[in-house]
Each structure stands twice: as structure tokens, then as C-alpha cells.
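Here is the structure we will look at.
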Amino acid sequence: MFERAGNAFCLGLMSKNIAPFVGNSNFINEIKSLFPTLSANNASVLLVGERGTGKRLIAQHIHFETAKSFGYFFEVNCKAFSNFQILESFDTVEKLVSYNQRVTLFISFIDELPANGQEKLLSLIKLFEKKGSDIKLITSTEVNLDSKVASGDFSSELYYRLNAVVLNVIPLRQRKEDILPIAQSCMETFCRKSGYAFNQFSESAKIALENNFWTGNVDELINAVQRAFIVGQPPVIKSSDLGFSQSDSMELQDKSLKNAIDNFKRDYLIKILEENGWNQTKAARVLGIQRTYVIRLMNELQIRR
């Protein structure tokens, strides 16, 4: 059950009314394996990835993973909230924690947090650490916070408090094994909610799904399946119901500039890592970037030793 607390949403543990975290990629399996560890301690987690990749869902699953995670999932959206609403929300979290409530504070678009909000959050973190409060802090961003820190737009002290664990959420187009499982899960969910008796995707629909570029990631996929429920006829979802052209999406997938750049990045980063014995710190020094960014690139480009 969702409740309004100040200007943020709280999600109580008892309902556990969240979408499943499904997929067959190495990325999904690795993230799932981390849920118990991340949920069992209060180390801060920074989620980095494109819009629509499921960062909020990951935060919810971290919250709900173990019996220890009772209490509230409290979300603050720095892009949608005014400065006053953000500060008011932080005050609400402070009160909940002072009442010995277990709280997971999820702050989305953390890069949009204004300066006084950064100061407030940093002071809260220090207070919670001093008191040993039971709070889990999870933040998310679509941008490289290192550059924000370098330009002085984001507090370096706060940044290093937020990135104890950095998880880079890979775009859907780079983990095609997850597309059909997510689509199937969405179909089953919409069937339960709508009562429509869809039970499968046609072969042409499966091909179209796997070859679409998915600029909007999982959010776009959910919308495509939802559209099929509106325009399609049960029991089979056809490619024409999804609202995009298979040929167009295949061409974009094969020839996109993004794909070409990613291939170059992958090959070059592997070369530098091999030259430095796969030592991420040394590789970062050679590349002139932060070690956290090397880790992000390795996750994003699915580089494994």
C-alpha cells in the first residue's frame, strides 16, 4: 500500500506490491545475487543508468529482500519536487528514523539536488551515522556525477558518502536476453489487472521485440505491451499491436552511432585493462578518469576478465 508522507511516497513492507525483477542476462543474475547483501547492511548504494532502466525497481527489491527490511520505502524525486518539498521530505525521514522506524530512503535524480538540499542530506547522513540509525540510503542518476563534482555543482563530500556501492544499470538494448522475459511478465500482470485473456506473443512479435532499439528501455517495453492490450485481440499479441516497425528497429540496432561507439569503448578499455593486469586503479590513471567510472564502464559494456 502506498502512503503519502510529506511530499514523498512511502511504500509499506507488508504489501510488497512491486513488480518482479526478471530476466536471463548476466546483469540480472548478478544484481539478484547482490540483493541479500545490499539489504542486510546500511551501506549506501548509487544506481547509475539511463532513464527507464529500472533503477527504482532495483531500489525497491533491495528494500524488500530480507526480513530485516521492515518499515518504509521513502522516495524523493529531485527532478519533480520543489526545493521546499525536498527539504520537507528530508525532515519527514528524520522524524521517522527518530521514532526507530526502519527506512529505506530512495532519492532519484540525485544530480538535480540543489545546494541547500545537498547540505541538508549530508548533515542527516552524519547524524544517522552518529546515532547508528537503521536507514538504507539509495540514490540514482542518469549522468556522470564525477563531472558534477569536478565542476563544483555537486558536493564531493556528499558524493563519496553516496557511492559506497555503485551499480551501473545496463540499457535494455545491451541485454537482449531480458526482453522477452520482461515482456512476458508485463503481459501476465496486465492480464490479471484487465481480465483480458492474452497468453502469448506471436513469433513475429518476439522478433520485433528483440530487435527494437529500446531508447526508453524497460519503460518503453512496458508501454508497448500495454498498447498491445488496447489495440490487439486475445489470445495472441502480434507485432502490429506493439506500435513499431521491425525493419526500422533492426536497421537502427545494427547501424546506430551509439552501438559503434560502445564497441570502440569496449575494445579499448579491455586493451588498457590487459596492459595493466586488470588493475582498475592503474587503468583509470592511464585513461585519466575516476576508478568508479572504470567500474561503471565495465558493467555498462559487460566487460568481464
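In the C-alpha cells, chains take the letters A, B, ... in the order shown, each chain's residues start at 1, and ligands count up from 1 in the order shown.
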Worksheet item: If you count only C-alpha atoms, which residues fall within 9 Å of A:Asn199, apart from same-chain ones fewer than 6 positions away, as a list in words?
Response: Gln184, Met187, Glu188, Cys191, Pro234, Pro235, Val236 and Ile237 of chain A
Could you dump the residues just selected with N, CA and C atoms as a PDB file, in the first residue's frame?
ATOM      1  N   GLN A 184       6.919 -10.903 -21.171  1.00  0.00           N
ATOM      2  CA  GLN A 184       6.020 -11.955 -20.689  1.00  0.00           C
ATOM      3  C   GLN A 184       5.468 -11.608 -19.312  1.00  0.00           C
ATOM      4  N   MET A 187       2.874  -8.932 -19.692  1.00  0.00           N
ATOM      5  CA  MET A 187       1.629  -9.485 -20.230  1.00  0.00           C
ATOM      6  C   MET A 187       0.822 -10.166 -19.124  1.00  0.00           C
ATOM      7  N   GLU A 188       1.477 -10.941 -18.295  1.00  0.00           N
ATOM      8  CA  GLU A 188       0.788 -11.635 -17.206  1.00  0.00           C
ATOM      9  C   GLU A 188       0.203 -10.648 -16.199  1.00  0.00           C
ATOM     10  N   CYS A 191      -2.791  -8.959 -17.755  1.00  0.00           N
ATOM     11  CA  CYS A 191      -3.913  -9.908 -17.825  1.00  0.00           C
ATOM     12  C   CYS A 191      -4.652  -9.961 -16.492  1.00  0.00           C
ATOM     13  N   PRO A 234      -7.180 -10.780 -28.105  1.00  0.00           N
ATOM     14  CA  PRO A 234      -6.705 -12.010 -27.459  1.00  0.00           C
ATOM     15  C   PRO A 234      -6.958 -13.224 -28.362  1.00  0.00           C
ATOM     16  N   PRO A 235      -6.163 -14.297 -28.226  1.00  0.00           N
ATOM     17  CA  PRO A 235      -5.215 -14.521 -27.134  1.00  0.00           C
ATOM     18  C   PRO A 235      -3.762 -14.199 -27.481  1.00  0.00           C
ATOM     19  N   VAL A 236      -3.472 -13.768 -28.737  1.00  0.00           N
ATOM     20  CA  VAL A 236      -2.085 -13.600 -29.186  1.00  0.00           C
ATOM     21  C   VAL A 236      -1.772 -12.133 -29.458  1.00  0.00           C
ATOM     22  N   ILE A 237      -0.625 -11.670 -28.926  1.00  0.00           N
ATOM     23  CA  ILE A 237      -0.135 -10.327 -29.236  1.00  0.00           C
ATOM     24  C   ILE A 237       0.699 -10.409 -30.512  1.00  0.00           C
TER      25      ILE A 237
END
Neighbouring residues of A:Ser204 were defined as those with any atom within 9 Å, considering only C-alpha atoms; residues of the same chain fewer than 5 positions away were excluded. Please report them as a short mmCIF file (atom, residue, chain, number, x, y, z; two decimals) with N, CA, C and O atoms, in the first residue's frame.
data_model
loop_
_atom_site.label_atom_id
_atom_site.label_comp_id
_atom_site.auth_asym_id
_atom_site.auth_seq_id
_atom_site.Cartn_x
_atom_site.Cartn_y
_atom_site.Cartn_z
N LEU A 209 10.24 -7.46 -30.86
CA LEU A 209 10.64 -7.07 -29.52
C LEU A 209 12.16 -7.16 -29.35
O LEU A 209 12.80 -6.25 -28.82
N LYS A 238 0.33 -9.65 -31.54
CA LYS A 238 1.02 -9.66 -32.82
C LYS A 238 2.00 -8.48 -32.90
O LYS A 238 1.89 -7.52 -32.14
N SER A 239 2.92 -8.54 -33.84
CA SER A 239 3.92 -7.47 -33.98
C SER A 239 3.26 -6.14 -34.28
O SER A 239 3.71 -5.08 -33.81
N SER A 240 2.18 -6.15 -35.05
CA SER A 240 1.50 -4.91 -35.41
C SER A 240 0.83 -4.26 -34.19
O SER A 240 0.56 -3.05 -34.20
N GLN A 246 9.40 -3.48 -37.34
CA GLN A 246 10.52 -4.40 -37.13
C GLN A 246 11.72 -4.02 -37.99
O GLN A 246 12.85 -4.00 -37.51
#
Margin query: Quick check, in Å to one decimal: how far apart do atom CA of A:Ala283 and atom CA of A:Glu300 lie?
Written below: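 Going from atom CA of A:Ala283 over to atom CA of A:Glu300 covers 16.5 Å.
For the set A:Gly23, A:His63, A:Pro114, A:Asp241, the residue with the smallest atom-to-atom gap to A:Gly152 is A:Pro114, counting only C-alpha atoms.
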- Pick out the closest residue to A:Tyr160 from this set: A:Val143, A:Ala208, A:Val218, A:Val45. Count only C-alpha atoms.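 Once distances to A:Tyr160 are computed over only C-alpha atoms, the minimum belongs to A:Val45.
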From atom CA of A:Val165 to atom CA of A:Lys265 the spacing works out at 23.2 Å
Atom CA of A:Lys176 to atom CA of A:Ser25 measures 7.7 Å
**Asked** Residues of stretch 127-228 of chain A in alpha helix (DSSP H) according to DSSP, as number ranges by chain?
**Response** A: 127-131, 145-150, 156-162, 179-194, 203-211, 217-228
Just want the 8 Å neighbourhood of A:Val22, counted on only C-alpha atoms, with same-chain residues fewer than 2 positions away dropped. Output as a list of chain:residue names.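 Here the qualifying residues turn out to be A:Pro20, A:Asn24, A:Ile28, A:Asp178, A:Pro181, A:Ile182, A:Ser185.
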Please dump the current selection as an mmCIF file, in the first residue's frame; keep C-alpha atoms.
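Ended up saving to again15.cif:
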data_model
loop_
_atom_site.group_PDB
_atom_site.id
_atom_site.type_symbol
_atom_site.label_atom_id
_atom_site.label_comp_id
_atom_site.auth_asym_id
_atom_site.auth_seq_id
_atom_site.Cartn_x
_atom_site.Cartn_y
_atom_site.Cartn_z
ATOM 1 C CA PRO A 20 9.154 -8.885 -10.250
ATOM 2 C CA ASN A 24 18.118 -14.078 -18.072
ATOM 3 C CA ILE A 28 20.124 -9.543 -13.955
ATOM 4 C CA ASP A 178 15.911 -9.904 -20.784
ATOM 5 C CA PRO A 181 11.031 -12.398 -20.020
ATOM 6 C CA ILE A 182 10.136 -8.806 -19.129
ATOM 7 C CA SER A 185 5.907 -10.707 -17.088
#
